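Below is start.txt, holding compact mmCIF, C-alpha atoms.
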```txt
# COMPACT_ATOMS: atom_id res chain seq x y z
CA MET A 1 125.75 98.72 36.48
CA GLY A 2 123.51 101.44 37.91
CA ARG A 3 122.70 104.75 36.29
CA ARG A 4 125.40 107.34 36.75
CA VAL A 5 124.67 110.96 37.39
CA PRO A 6 126.23 112.79 34.42
CA ALA A 7 127.79 115.56 36.53
CA ALA A 8 129.43 113.05 38.85
CA ALA A 9 130.67 110.97 35.92
CA ALA A 10 132.11 114.10 34.28
CA GLY A 11 133.88 114.96 37.52
CA ARG A 12 135.46 111.51 37.70
CA LEU A 13 136.55 111.78 34.09
CA ALA A 14 138.06 115.21 34.73
CA GLY A 15 140.12 113.73 37.55
CA ALA A 16 141.36 110.96 35.27
CA LEU A 17 142.37 113.35 32.48
CA GLY A 18 145.08 115.02 34.49
CA ASN A 19 146.67 118.27 33.44
CA GLY A 20 146.08 118.28 29.69
CA ALA A 21 145.01 121.38 27.80
CA SER A 22 141.27 121.83 28.24
CA VAL A 23 138.56 124.31 27.40
CA VAL A 24 135.04 123.95 28.76
CA VAL A 25 132.21 125.57 26.83
CA ASP A 26 129.30 126.49 29.09
CA CYS A 27 126.13 125.80 27.10
CA GLU A 28 123.67 126.61 29.88
CA SER A 29 121.12 129.26 29.04
CA GLY A 30 118.02 130.75 30.54
CA PRO A 31 117.28 132.14 33.97
CA VAL A 32 118.29 129.00 35.89
CA ARG A 33 121.92 127.97 35.55
CA LEU A 34 123.41 125.13 37.56
CA GLY A 35 127.06 126.14 37.18
CA LEU A 36 128.13 122.64 36.19
CA ALA A 37 130.46 123.81 33.42
CA ALA A 38 132.26 126.17 35.80
CA ALA A 39 132.71 123.36 38.32
CA LEU A 40 134.04 121.03 35.63
CA GLY A 41 136.35 123.72 34.29
CA SER A 42 137.69 124.35 37.76
CA ARG A 43 138.33 120.65 38.31
CA LEU A 44 140.17 120.44 34.99
CA GLY A 45 142.08 123.66 35.51
CA ALA A 46 140.53 124.72 32.21
CA GLU A 47 139.36 128.01 30.84
CA THR A 48 135.56 128.12 30.87
CA VAL A 49 133.80 130.24 28.27
CA ARG A 50 130.11 130.83 27.71
CA LEU A 51 128.68 129.71 24.40
CA ASP A 52 126.90 133.05 24.07
CA ASP A 53 130.29 134.79 24.12
CA LEU A 54 131.85 132.73 21.33
CA ALA A 55 131.99 132.79 17.61
CA ALA A 56 133.74 129.95 15.77
CA ASP A 57 136.95 131.94 15.37
CA GLY A 58 136.81 132.96 19.04
CA LEU A 59 136.61 129.33 20.16
CA ALA A 60 139.55 128.45 17.94
CA GLY A 61 141.59 131.20 19.63
CA VAL A 62 140.69 129.93 23.10
CA VAL A 63 141.72 126.39 22.14
CA ARG A 64 145.03 127.60 20.68
CA GLY A 65 145.72 129.53 23.89
CA ALA A 66 144.98 126.48 26.05
CA ARG A 67 147.26 124.32 23.93
CA ARG A 68 150.11 126.83 24.26
CA SER A 69 149.63 126.99 28.02
CA ALA A 70 149.83 123.22 28.34
CA ALA A 71 153.01 122.94 26.25
```
How does this structure look as structure tokens?
Amino acid sequence: MGRRVPAAAAGRLAGALGNGASVVVDCESGPVRLGLAAALGSRLGAETVRLDDLAADGLAGVVRGARRSAA
């Protein structure tokens, strides 16, 4: 089995997951951002939030909201 490109593998996995409740946390930082989390979030139909914008209680609220939306 050859090496898989992580972004491509994540995209395939997102397609296999279907329409479940999802939240993608964008952990990219610095001046160069690739936008991979946004692309994955879009593919999943998930809310994408930046790590810099979250506190632990904020992330819990986002997850609860995503779970309610999927129900």
Which residues, written as a ChimeraX atom specification, have at least one atom at most 12 Å from Gly61 in chain A, with only C-alpha atoms counted and residues fewer than 5 positions away on the same chain left out?
/A:23,47,49,54-56,66-68
Could you write those residues out with C-alpha atoms, as a short mmCIF file (atom, residue, chain, number, x, y, z; two decimals), in the frame of the given file?
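What landed in out33.cif:
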```
data_model
loop_
_atom_site.label_atom_id
_atom_site.label_comp_id
_atom_site.auth_asym_id
_atom_site.auth_seq_id
_atom_site.Cartn_x
_atom_site.Cartn_y
_atom_site.Cartn_z
CA VAL A 23 138.56 124.31 27.40
CA GLU A 47 139.36 128.01 30.84
CA VAL A 49 133.80 130.24 28.27
CA LEU A 54 131.85 132.73 21.33
CA ALA A 55 131.99 132.79 17.61
CA ALA A 56 133.74 129.95 15.77
CA ALA A 66 144.98 126.48 26.05
CA ARG A 67 147.26 124.32 23.93
CA ARG A 68 150.11 126.83 24.26
#
```
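We find CA of Ala70 in chain A and CA of Ala21 in chain A to be spaced 5.2 Å apart.
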Point-to-point distance from CA of Glu28 in chain A to CA of Asp52 in chain A, Å rounded to tenths:
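A separation of 9.3 Å between them.
The gap separating CA of Val25 in chain A from CA of Gly65 in chain A is 14.4 Å, in Å to one decimal.
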Nearest to Arg33 in chain A, chosen from A:Ser69, A:Ala10, A:Arg50, A:Ala60, with all atoms listed in the file counted in the distances
A:Arg50
